[in-house]
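Data file: run.pdb. Format and content: PDB, C-alpha atoms.
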ATOM      1  CA  MET A1011      17.925  93.244 115.324  1.00  0.00           C
ATOM      2  CA  ILE A1012      20.628  94.406 117.740  1.00  0.00           C
ATOM      3  CA  ALA A1013      18.152  94.500 120.634  1.00  0.00           C
ATOM      4  CA  ALA A1014      17.191  90.870 119.924  1.00  0.00           C
ATOM      5  CA  LEU A1015      20.848  89.857 119.910  1.00  0.00           C
ATOM      6  CA  LEU A1016      21.497  91.627 123.216  1.00  0.00           C
ATOM      7  CA  LEU A1017      18.489  89.986 124.836  1.00  0.00           C
ATOM      8  CA  ALA A1018      19.600  86.573 123.592  1.00  0.00           C
ATOM      9  CA  CYS A1019      23.072  87.084 125.091  1.00  0.00           C
ATOM     10  CA  ALA A1020      21.729  88.428 128.383  1.00  0.00           C
ATOM     11  CA  GLY A1021      19.855  85.206 129.143  1.00  0.00           C
ATOM     12  CA  GLY A1022      22.825  82.888 128.465  1.00  0.00           C
ATOM     13  CA  ASP A1023      24.168  80.331 130.930  1.00  0.00           C
ATOM     14  CA  THR A1024      26.974  81.884 132.991  1.00  0.00           C
ATOM     15  CA  ALA A1025      27.278  79.210 135.679  1.00  0.00           C
ATOM     16  CA  TRP A1026      30.813  78.389 134.433  1.00  0.00           C
ATOM     17  CA  VAL A1027      32.049  81.928 135.265  1.00  0.00           C
ATOM     18  CA  THR A1028      33.497  82.497 138.736  1.00  0.00           C
ATOM     19  CA  PRO A1029      32.317  85.949 139.891  1.00  0.00           C
ATOM     20  CA  GLU A1030      35.185  86.388 142.377  1.00  0.00           C
ATOM     21  CA  PRO A1031      38.076  84.207 141.218  1.00  0.00           C
ATOM     22  CA  GLY A1032      40.437  85.019 144.124  1.00  0.00           C
ATOM     23  CA  CYS A1033      43.403  86.573 142.310  1.00  0.00           C
ATOM     24  CA  ALA A1034      44.418  88.324 145.550  1.00  0.00           C
ATOM     25  CA  ASP A1035      44.090  85.179 147.724  1.00  0.00           C
ATOM     26  CA  GLY A1036      47.027  83.243 149.175  1.00  0.00           C
ATOM     27  CA  GLU A1037      50.755  83.832 149.015  1.00  0.00           C
ATOM     28  CA  ALA A1038      52.250  86.147 146.374  1.00  0.00           C
ATOM     29  CA  ARG A1039      53.340  84.050 143.369  1.00  0.00           C
ATOM     30  CA  LEU A1040      54.582  84.691 139.863  1.00  0.00           C
ATOM     31  CA  GLU A1041      54.835  82.040 137.150  1.00  0.00           C
ATOM     32  CA  LEU A1042      56.397  82.234 133.706  1.00  0.00           C
ATOM     33  CA  ALA A1043      56.374  80.050 130.626  1.00  0.00           C
ATOM     34  CA  PRO A1044      57.570  80.366 127.060  1.00  0.00           C
ATOM     35  CA  VAL A1045      54.620  81.119 124.764  1.00  0.00           C
ATOM     36  CA  GLY A1046      52.930  77.831 123.852  1.00  0.00           C
ATOM     37  CA  ALA A1047      54.221  75.954 126.912  1.00  0.00           C
ATOM     38  CA  PRO A1048      52.311  75.245 130.111  1.00  0.00           C
ATOM     39  CA  TYR A1049      53.036  77.076 133.344  1.00  0.00           C
ATOM     40  CA  GLY A1050      54.752  75.294 136.195  1.00  0.00           C
ATOM     41  CA  ALA A1051      58.031  74.004 134.751  1.00  0.00           C
ATOM     42  CA  THR A1052      61.167  75.551 136.204  1.00  0.00           C
ATOM     43  CA  ASP A1053      63.782  73.291 134.600  1.00  0.00           C
ATOM     44  CA  GLY A1054      64.212  71.976 131.087  1.00  0.00           C
ATOM     45  CA  LEU A1055      62.163  74.645 129.302  1.00  0.00           C
ATOM     46  CA  GLU A1056      62.433  74.961 125.545  1.00  0.00           C
ATOM     47  CA  VAL A1057      62.668  78.716 125.074  1.00  0.00           C
ATOM     48  CA  GLY A1058      61.630  79.578 121.529  1.00  0.00           C
ATOM     49  CA  TYR A1059      63.187  82.555 119.765  1.00  0.00           C
ATOM     50  CA  GLY A1060      62.953  84.135 116.330  1.00  0.00           C
ATOM     51  CA  TRP A1061      62.627  87.338 114.336  1.00  0.00           C
ATOM     52  CA  PRO A1062      59.634  89.518 115.207  1.00  0.00           C
ATOM     53  CA  PRO A1063      57.241  89.945 112.268  1.00  0.00           C
ATOM     54  CA  GLN A1064      57.729  93.727 112.283  1.00  0.00           C
ATOM     55  CA  GLY A1065      61.545  93.435 112.268  1.00  0.00           C
ATOM     56  CA  GLY A1066      64.068  94.368 114.932  1.00  0.00           C
ATOM     57  CA  ALA A1067      66.172  92.278 117.284  1.00  0.00           C
ATOM     58  CA  PRO A1068      65.593  88.528 117.713  1.00  0.00           C
ATOM     59  CA  PHE A1069      63.193  87.896 120.593  1.00  0.00           C
ATOM     60  CA  ALA A1070      61.821  85.210 122.921  1.00  0.00           C
ATOM     61  CA  PRO A1071      58.177  85.634 124.016  1.00  0.00           C
ATOM     62  CA  PHE A1072      57.010  84.654 127.506  1.00  0.00           C
ATOM     63  CA  ILE A1073      53.659  84.518 129.260  1.00  0.00           C
ATOM     64  CA  VAL A1074      53.467  85.599 132.894  1.00  0.00           C
ATOM     65  CA  ARG A1075      50.824  85.346 135.577  1.00  0.00           C
ATOM     66  CA  LEU A1076      50.578  86.615 139.180  1.00  0.00           C
ATOM     67  CA  SER A1077      48.416  85.708 142.161  1.00  0.00           C
ATOM     68  CA  GLY A1078      48.193  86.475 145.865  1.00  0.00           C
ATOM     69  CA  LEU A1079      48.349  90.237 145.368  1.00  0.00           C
ATOM     70  CA  VAL A1080      45.955  93.117 145.032  1.00  0.00           C
ATOM     71  CA  VAL A1081      46.812  94.711 141.690  1.00  0.00           C
ATOM     72  CA  GLU A1082      44.982  97.931 140.938  1.00  0.00           C
ATOM     73  CA  ASP A1083      47.445  99.614 138.594  1.00  0.00           C
ATOM     74  CA  ARG A1084      49.924  98.652 135.922  1.00  0.00           C
ATOM     75  CA  VAL A1085      52.887  96.526 136.932  1.00  0.00           C
ATOM     76  CA  GLU A1086      56.415  96.985 135.596  1.00  0.00           C
ATOM     77  CA  MET A1087      57.627  93.580 134.369  1.00  0.00           C
ATOM     78  CA  SER A1088      61.150  92.661 133.302  1.00  0.00           C
ATOM     79  CA  VAL A1089      62.819  89.556 131.909  1.00  0.00           C
ATOM     80  CA  ASP A1090      66.517  88.635 131.794  1.00  0.00           C
ATOM     81  CA  VAL A1091      67.921  85.688 129.841  1.00  0.00           C
ATOM     82  CA  VAL A1092      71.388  84.732 131.097  1.00  0.00           C
ATOM     83  CA  ASP A1093      73.793  82.383 129.295  1.00  0.00           C
ATOM     84  CA  ASP A1094      74.351  79.588 131.839  1.00  0.00           C
ATOM     85  CA  ALA A1095      77.955  78.953 130.720  1.00  0.00           C
ATOM     86  CA  THR A1096      79.228  82.554 130.797  1.00  0.00           C
ATOM     87  CA  GLY A1097      76.853  84.348 133.192  1.00  0.00           C
ATOM     88  CA  GLU A1098      76.316  87.006 130.494  1.00  0.00           C
ATOM     89  CA  VAL A1099      72.886  88.607 130.100  1.00  0.00           C
ATOM     90  CA  ILE A1100      72.169  87.879 126.417  1.00  0.00           C
ATOM     91  CA  GLY A1101      68.494  88.874 126.302  1.00  0.00           C
ATOM     92  CA  TYR A1102      66.377  91.307 128.241  1.00  0.00           C
ATOM     93  CA  GLY A1103      63.227  93.361 128.132  1.00  0.00           C
ATOM     94  CA  SER A1104      60.815  95.319 130.282  1.00  0.00           C
ATOM     95  CA  ALA A1105      57.368  96.827 129.899  1.00  0.00           C
ATOM     96  CA  PRO A1106      54.558  98.251 131.999  1.00  0.00           C
ATOM     97  CA  MET A1107      51.769  95.665 131.930  1.00  0.00           C
ATOM     98  CA  GLY A1108      48.080  95.996 132.592  1.00  0.00           C
ATOM     99  CA  LEU A1109      46.810  92.867 134.345  1.00  0.00           C
ATOM    100  CA  VAL A1110      43.388  91.246 134.242  1.00  0.00           C
ATOM    101  CA  CYS A1111      42.065  88.841 136.894  1.00  0.00           C
ATOM    102  CA  ALA A1112      41.015  85.727 134.960  1.00  0.00           C
ATOM    103  CA  ASN A1113      37.754  84.161 136.083  1.00  0.00           C
ATOM    104  CA  VAL A1114      37.637  81.157 133.722  1.00  0.00           C
ATOM    105  CA  GLY A1115      39.957  78.508 132.298  1.00  0.00           C
ATOM    106  CA  ASP A1116      43.400  77.391 133.396  1.00  0.00           C
ATOM    107  CA  ASP A1117      44.301  80.928 134.493  1.00  0.00           C
ATOM    108  CA  GLU A1118      41.268  81.327 136.777  1.00  0.00           C
ATOM    109  CA  GLY A1119      42.390  83.027 140.001  1.00  0.00           C
ATOM    110  CA  TRP A1120      45.503  84.542 138.375  1.00  0.00           C
ATOM    111  CA  TYR A1121      46.260  87.989 137.019  1.00  0.00           C
ATOM    112  CA  VAL A1122      47.319  87.628 133.366  1.00  0.00           C
ATOM    113  CA  SER A1123      48.771  90.056 130.836  1.00  0.00           C
ATOM    114  CA  ALA A1124      50.094  90.339 127.313  1.00  0.00           C
ATOM    115  CA  GLU A1125      53.328  88.607 126.278  1.00  0.00           C
ATOM    116  CA  LEU A1126      56.623  89.790 127.749  1.00  0.00           C
ATOM    117  CA  HIS A1127      59.510  89.744 125.249  1.00  0.00           C
ATOM    118  CA  ALA A1128      63.230  89.293 125.852  1.00  0.00           C
ATOM    119  CA  LEU A1129      65.258  90.898 123.039  1.00  0.00           C
ATOM    120  CA  PHE A1130      68.645  89.603 121.913  1.00  0.00           C
ATOM    121  CA  TRP A1131      70.379  92.768 120.665  1.00  0.00           C
ATOM    122  CA  GLY A1132      73.497  92.260 118.533  1.00  0.00           C
ATOM    123  CA  ILE A1133      73.299  88.446 118.504  1.00  0.00           C
ATOM    124  CA  GLU A1134      72.724  86.448 115.328  1.00  0.00           C
ATOM    125  CA  LEU A1135      70.014  83.775 115.391  1.00  0.00           C
ATOM    126  CA  ASP A1136      72.479  80.945 114.710  1.00  0.00           C
ATOM    127  CA  ALA A1137      74.485  81.936 117.806  1.00  0.00           C
ATOM    128  CA  LEU A1138      71.454  81.396 120.067  1.00  0.00           C
ATOM    129  CA  ASP A1139      70.452  77.826 119.166  1.00  0.00           C
ATOM    130  CA  GLY A1140      71.175  75.333 121.930  1.00  0.00           C
ATOM    131  CA  ARG A1141      72.419  77.784 124.537  1.00  0.00           C
ATOM    132  CA  GLN A1142      71.571  76.765 128.093  1.00  0.00           C
ATOM    133  CA  VAL A1143      69.959  79.743 129.805  1.00  0.00           C
ATOM    134  CA  GLN A1144      68.596  80.979 133.097  1.00  0.00           C
ATOM    135  CA  VAL A1145      65.426  83.049 132.782  1.00  0.00           C
ATOM    136  CA  ARG A1146      64.317  85.493 135.466  1.00  0.00           C
ATOM    137  CA  VAL A1147      61.045  87.405 135.316  1.00  0.00           C
ATOM    138  CA  GLU A1148      60.324  90.082 137.892  1.00  0.00           C
ATOM    139  CA  ALA A1149      57.164  92.079 138.536  1.00  0.00           C
ATOM    140  CA  ASP A1150      57.468  95.309 140.501  1.00  0.00           C
ATOM    141  CA  VAL A1151      54.024  95.574 142.089  1.00  0.00           C
ATOM    142  CA  PRO A1152      53.086  99.027 143.455  1.00  0.00           C
ATOM    143  CA  GLU A1153      52.892  99.100 147.278  1.00  0.00           C
ATOM    144  CA  VAL A1154      54.202  95.498 147.445  1.00  0.00           C
ATOM    145  CA  GLY A1155      57.602  95.451 145.757  1.00  0.00           C
ATOM    146  CA  PRO A1156      59.236  92.869 143.517  1.00  0.00           C
ATOM    147  CA  VAL A1157      57.934  89.337 142.966  1.00  0.00           C
ATOM    148  CA  ALA A1158      60.114  87.019 140.838  1.00  0.00           C
ATOM    149  CA  ALA A1159      60.227  83.645 139.121  1.00  0.00           C
ATOM    150  CA  ASP A1160      63.226  81.745 137.754  1.00  0.00           C
ATOM    151  CA  ALA A1161      63.574  78.918 135.260  1.00  0.00           C
ATOM    152  CA  LEU A1162      66.278  76.999 133.393  1.00  0.00           C
ATOM    153  CA  GLY A1163      66.051  76.081 129.748  1.00  0.00           C
ATOM    154  CA  VAL A1164      67.592  75.841 126.318  1.00  0.00           C
ATOM    155  CA  LEU A1165      67.129  78.255 123.409  1.00  0.00           C
ATOM    156  CA  ARG A1166      65.497  76.755 120.280  1.00  0.00           C
ATOM    157  CA  PRO A1167      64.269  78.397 117.052  1.00  0.00           C
ATOM    158  CA  MET A1168      60.495  78.952 116.864  1.00  0.00           C
TER
END
Would you give me this structure, written as structure tokens?
Amino acid sequence: MIAALLLACAGGDTAWVTPEPGCADGEARLELAPVGAPYGATDGLEVGYGWPPQGGAPFAPFIVRLSGLVVEDRVEMSVDVVDDATGEVIGYGSAPMGLVCANVGDDEGWYVSAELHALFWGIELDALDGRQVQVRVEADVPEVGPVAADALGVLRPM
């Protein structure tokens, strides 16, 4: 039974898959977006925040993608959310991320990873709604150095 299933999968049409998607081609770029939003916007983002299901500090999840680099190891990523009115860092987070070179879909030709979360320690949810913020995501790529992306937005409950 399993052998029949494997043989059926092996003969499938793979013409839609790009064997070498070019994640290392071109100029080094990093893009960010709030989860559920498309990449590319750098102004007017709606940055969703809420309580994580497992508990803890309020958070805002982001998706990040990189291109134009050779990435062979994990990349340390960080995010800072700065209140535009006061200049205060109100949310932040960092994590080592494993990246995968996407060879299909909208992310084809980009390295993609899991979500990157900014945490809002010591701030109540009601105090976040409507704040104008600057978001900066930075990837520290081994043997290359930092690559960053910036965006402006407003905090909204998820």
Work out how far atom CA of Met1107 of chain A is from atom CA of Val1080 of chain A, in Å to one decimal.
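Interatomic distance here is 14.6 Å.
The shell of residues at most 8 Å from Arg1039 of chain A, with all atoms listed in the file counted and near chain neighbours (fewer than 2 positions) removed, consists of Glu1037, Glu1041, Leu1076, Ser1077, Gly1078, Val1157 and Ala1158 of chain A.
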Just so the selection is clear, what residues does the PyMOL selection byres ((chain A and resi 1053-1067) around 7) cover here, as a list in words?
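Applied to this file, the PyMOL selection byres ((chain A and resi 1053-1067) around 7) returns Pro1044, Ala1051, Thr1052, Pro1068, Phe1069, Ala1070, Leu1129, Phe1130, Trp1131, Ala1161, Leu1162, Gly1163, Val1164, Leu1165, Arg1166, Pro1167 and Met1168 of chain A.
What separates atom CA of Tyr1121 of chain A from atom CA of Ala1159 of chain A is a distance of 14.8 Å.
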Given the file shown, enumerate the residues that the PyMOL selection byres ((chain A and resi 1127) around 8) captures and present them as a ChimeraX atom specification.
/A:1069-1072,1089,1102-1104,1125-1126,1128-1129
Just-selected residues, C-alpha atoms written as a compact mmCIF listing (two decimals), keeping the file's coordinate frame:
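Saved as part19.txt:
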# COMPACT_ATOMS: atom_id res chain seq x y z
CA PHE A 1069 63.19 87.90 120.59
CA ALA A 1070 61.82 85.21 122.92
CA PRO A 1071 58.18 85.63 124.02
CA PHE A 1072 57.01 84.65 127.51
CA VAL A 1089 62.82 89.56 131.91
CA TYR A 1102 66.38 91.31 128.24
CA GLY A 1103 63.23 93.36 128.13
CA SER A 1104 60.82 95.32 130.28
CA GLU A 1125 53.33 88.61 126.28
CA LEU A 1126 56.62 89.79 127.75
CA ALA A 1128 63.23 89.29 125.85
CA LEU A 1129 65.26 90.90 123.04
Give me the residues near Val1092 of chain A as a ChimeraX atom specification, where near means some atom within 6 Å (using all atoms listed in the file) and where sequence neighbours in that chain fewer than 5 positions away do not count.
/A:1097-1100,1143-1144
Pull C-alpha atoms from the residues just selected and write them as a short mmCIF file (atom, residue, chain, number, x, y, z; two decimals), keeping the file's coordinate frame.
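Resulting contents of selection_7.cif:
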data_model
loop_
_atom_site.label_atom_id
_atom_site.label_comp_id
_atom_site.auth_asym_id
_atom_site.auth_seq_id
_atom_site.Cartn_x
_atom_site.Cartn_y
_atom_site.Cartn_z
CA GLY A 1097 76.85 84.35 133.19
CA GLU A 1098 76.32 87.01 130.49
CA VAL A 1099 72.89 88.61 130.10
CA ILE A 1100 72.17 87.88 126.42
CA VAL A 1143 69.96 79.74 129.80
CA GLN A 1144 68.60 80.98 133.10
#
Could you tell me how far atom CA of Gly1132 of chain A lies from atom CA of Val1147 of chain A, in Å and to one decimal?
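Calculated distance between atom CA of Gly1132 of chain A and atom CA of Val1147 of chain A is 21.5 Å.
The nearest approach to Cys1033 of chain A among the residues A:Ala1105, A:Asp1083, A:Asp1090, A:Val1122, with all atoms listed in the file taken into account, belongs to A:Val1122.
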N, CA and C atoms restored at segment 1070-1105 of chain A, emitted as a PDB file, keeping the file's coordinate frame:
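See selection07.pdb below for the written result:
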ATOM      1  N   ALA A1070      62.436  86.404 122.326  1.00  0.00           N
ATOM      2  CA  ALA A1070      61.821  85.210 122.921  1.00  0.00           C
ATOM      3  C   ALA A1070      60.593  85.692 123.691  1.00  0.00           C
ATOM      4  N   PRO A1071      59.392  85.200 123.325  1.00  0.00           N
ATOM      5  CA  PRO A1071      58.177  85.634 124.016  1.00  0.00           C
ATOM      6  C   PRO A1071      57.843  84.742 125.212  1.00  0.00           C
ATOM      7  N   PHE A1072      57.404  85.365 126.294  1.00  0.00           N
ATOM      8  CA  PHE A1072      57.010  84.654 127.506  1.00  0.00           C
ATOM      9  C   PHE A1072      55.602  85.072 127.909  1.00  0.00           C
ATOM     10  N   ILE A1073      54.910  84.171 128.604  1.00  0.00           N
ATOM     11  CA  ILE A1073      53.659  84.518 129.260  1.00  0.00           C
ATOM     12  C   ILE A1073      53.928  84.509 130.757  1.00  0.00           C
ATOM     13  N   VAL A1074      53.237  85.406 131.464  1.00  0.00           N
ATOM     14  CA  VAL A1074      53.467  85.599 132.894  1.00  0.00           C
ATOM     15  C   VAL A1074      52.119  85.713 133.579  1.00  0.00           C
ATOM     16  N   ARG A1075      52.036  85.157 134.778  1.00  0.00           N
ATOM     17  CA  ARG A1075      50.824  85.346 135.577  1.00  0.00           C
ATOM     18  C   ARG A1075      51.199  85.518 137.044  1.00  0.00           C
ATOM     19  N   LEU A1076      50.361  86.274 137.771  1.00  0.00           N
ATOM     20  CA  LEU A1076      50.578  86.615 139.180  1.00  0.00           C
ATOM     21  C   LEU A1076      49.347  86.252 139.990  1.00  0.00           C
ATOM     22  N   SER A1077      49.549  85.877 141.237  1.00  0.00           N
ATOM     23  CA  SER A1077      48.416  85.708 142.161  1.00  0.00           C
ATOM     24  C   SER A1077      48.877  86.059 143.568  1.00  0.00           C
ATOM     25  N   GLY A1078      47.897  86.187 144.469  1.00  0.00           N
ATOM     26  CA  GLY A1078      48.193  86.475 145.865  1.00  0.00           C
ATOM     27  C   GLY A1078      48.486  87.938 146.148  1.00  0.00           C
ATOM     28  N   LEU A1079      48.089  88.806 145.226  1.00  0.00           N
ATOM     29  CA  LEU A1079      48.349  90.237 145.368  1.00  0.00           C
ATOM     30  C   LEU A1079      47.115  91.026 144.956  1.00  0.00           C
ATOM     31  N   VAL A1080      46.974  92.192 145.513  1.00  0.00           N
ATOM     32  CA  VAL A1080      45.955  93.117 145.032  1.00  0.00           C
ATOM     33  C   VAL A1080      46.646  94.007 144.006  1.00  0.00           C
ATOM     34  N   VAL A1081      46.213  93.927 142.769  1.00  0.00           N
ATOM     35  CA  VAL A1081      46.812  94.711 141.690  1.00  0.00           C
ATOM     36  C   VAL A1081      45.747  95.654 141.145  1.00  0.00           C
ATOM     37  N   GLU A1082      45.955  96.938 141.383  1.00  0.00           N
ATOM     38  CA  GLU A1082      44.982  97.931 140.938  1.00  0.00           C
ATOM     39  C   GLU A1082      45.545  98.877 139.891  1.00  0.00           C
ATOM     40  N   ASP A1083      46.802  98.736 139.552  1.00  0.00           N
ATOM     41  CA  ASP A1083      47.445  99.614 138.594  1.00  0.00           C
ATOM     42  C   ASP A1083      48.355  98.769 137.722  1.00  0.00           C
ATOM     43  N   ARG A1084      48.992  99.398 136.759  1.00  0.00           N
ATOM     44  CA  ARG A1084      49.924  98.652 135.922  1.00  0.00           C
ATOM     45  C   ARG A1084      51.110  98.165 136.741  1.00  0.00           C
ATOM     46  N   VAL A1085      51.750  97.146 136.254  1.00  0.00           N
ATOM     47  CA  VAL A1085      52.887  96.526 136.932  1.00  0.00           C
ATOM     48  C   VAL A1085      54.067  96.536 135.966  1.00  0.00           C
ATOM     49  N   GLU A1086      55.208  97.004 136.432  1.00  0.00           N
ATOM     50  CA  GLU A1086      56.415  96.985 135.596  1.00  0.00           C
ATOM     51  C   GLU A1086      56.987  95.574 135.634  1.00  0.00           C
ATOM     52  N   MET A1087      57.086  94.942 134.469  1.00  0.00           N
ATOM     53  CA  MET A1087      57.627  93.580 134.369  1.00  0.00           C
ATOM     54  C   MET A1087      58.947  93.624 133.612  1.00  0.00           C
ATOM     55  N   SER A1088      59.872  92.764 134.008  1.00  0.00           N
ATOM     56  CA  SER A1088      61.150  92.661 133.302  1.00  0.00           C
ATOM     57  C   SER A1088      61.530  91.197 133.172  1.00  0.00           C
ATOM     58  N   VAL A1089      62.319  90.907 132.140  1.00  0.00           N
ATOM     59  CA  VAL A1089      62.819  89.556 131.909  1.00  0.00           C
ATOM     60  C   VAL A1089      64.296  89.643 131.550  1.00  0.00           C
ATOM     61  N   ASP A1090      65.099  88.772 132.129  1.00  0.00           N
ATOM     62  CA  ASP A1090      66.517  88.635 131.794  1.00  0.00           C
ATOM     63  C   ASP A1090      66.768  87.193 131.394  1.00  0.00           C
ATOM     64  N   VAL A1091      67.497  87.012 130.294  1.00  0.00           N
ATOM     65  CA  VAL A1091      67.921  85.688 129.841  1.00  0.00           C
ATOM     66  C   VAL A1091      69.446  85.669 129.945  1.00  0.00           C
ATOM     67  N   VAL A1092      69.964  84.785 130.787  1.00  0.00           N
ATOM     68  CA  VAL A1092      71.388  84.732 131.097  1.00  0.00           C
ATOM     69  C   VAL A1092      71.980  83.439 130.549  1.00  0.00           C
ATOM     70  N   ASP A1093      73.083  83.557 129.800  1.00  0.00           N
ATOM     71  CA  ASP A1093      73.793  82.383 129.295  1.00  0.00           C
ATOM     72  C   ASP A1093      74.354  81.630 130.502  1.00  0.00           C
ATOM     73  N   ASP A1094      73.967  80.376 130.663  1.00  0.00           N
ATOM     74  CA  ASP A1094      74.351  79.588 131.839  1.00  0.00           C
ATOM     75  C   ASP A1094      75.862  79.344 131.900  1.00  0.00           C
ATOM     76  N   ALA A1095      76.519  79.248 130.748  1.00  0.00           N
ATOM     77  CA  ALA A1095      77.955  78.953 130.720  1.00  0.00           C
ATOM     78  C   ALA A1095      78.812  80.162 131.066  1.00  0.00           C
ATOM     79  N   THR A1096      78.394  81.361 130.618  1.00  0.00           N
ATOM     80  CA  THR A1096      79.228  82.554 130.797  1.00  0.00           C
ATOM     81  C   THR A1096      78.718  83.513 131.865  1.00  0.00           C
ATOM     82  N   GLY A1097      77.449  83.400 132.249  1.00  0.00           N
ATOM     83  CA  GLY A1097      76.853  84.348 133.192  1.00  0.00           C
ATOM     84  C   GLY A1097      76.474  85.671 132.558  1.00  0.00           C
ATOM     85  N   GLU A1098      76.621  85.774 131.231  1.00  0.00           N
ATOM     86  CA  GLU A1098      76.316  87.006 130.494  1.00  0.00           C
ATOM     87  C   GLU A1098      74.815  87.136 130.242  1.00  0.00           C
ATOM     88  N   VAL A1099      74.275  88.325 130.472  1.00  0.00           N
ATOM     89  CA  VAL A1099      72.886  88.607 130.100  1.00  0.00           C
ATOM     90  C   VAL A1099      72.872  88.763 128.585  1.00  0.00           C
ATOM     91  N   ILE A1100      72.200  87.831 127.887  1.00  0.00           N
ATOM     92  CA  ILE A1100      72.169  87.879 126.417  1.00  0.00           C
ATOM     93  C   ILE A1100      70.831  88.383 125.880  1.00  0.00           C
ATOM     94  N   GLY A1101      69.797  88.378 126.715  1.00  0.00           N
ATOM     95  CA  GLY A1101      68.494  88.874 126.302  1.00  0.00           C
ATOM     96  C   GLY A1101      67.811  89.549 127.472  1.00  0.00           C
ATOM     97  N   TYR A1102      67.064  90.593 127.172  1.00  0.00           N
ATOM     98  CA  TYR A1102      66.377  91.307 128.241  1.00  0.00           C
ATOM     99  C   TYR A1102      65.230  92.121 127.656  1.00  0.00           C
ATOM    100  N   GLY A1103      64.334  92.508 128.528  1.00  0.00           N
ATOM    101  CA  GLY A1103      63.227  93.361 128.132  1.00  0.00           C
ATOM    102  C   GLY A1103      62.440  93.786 129.349  1.00  0.00           C
ATOM    103  N   SER A1104      61.697  94.872 129.205  1.00  0.00           N
ATOM    104  CA  SER A1104      60.815  95.319 130.282  1.00  0.00           C
ATOM    105  C   SER A1104      59.667  96.100 129.668  1.00  0.00           C
ATOM    106  N   ALA A1105      58.550  96.105 130.372  1.00  0.00           N
ATOM    107  CA  ALA A1105      57.368  96.827 129.899  1.00  0.00           C
ATOM    108  C   ALA A1105      56.385  96.999 131.042  1.00  0.00           C
TER     109      ALA A1105
END
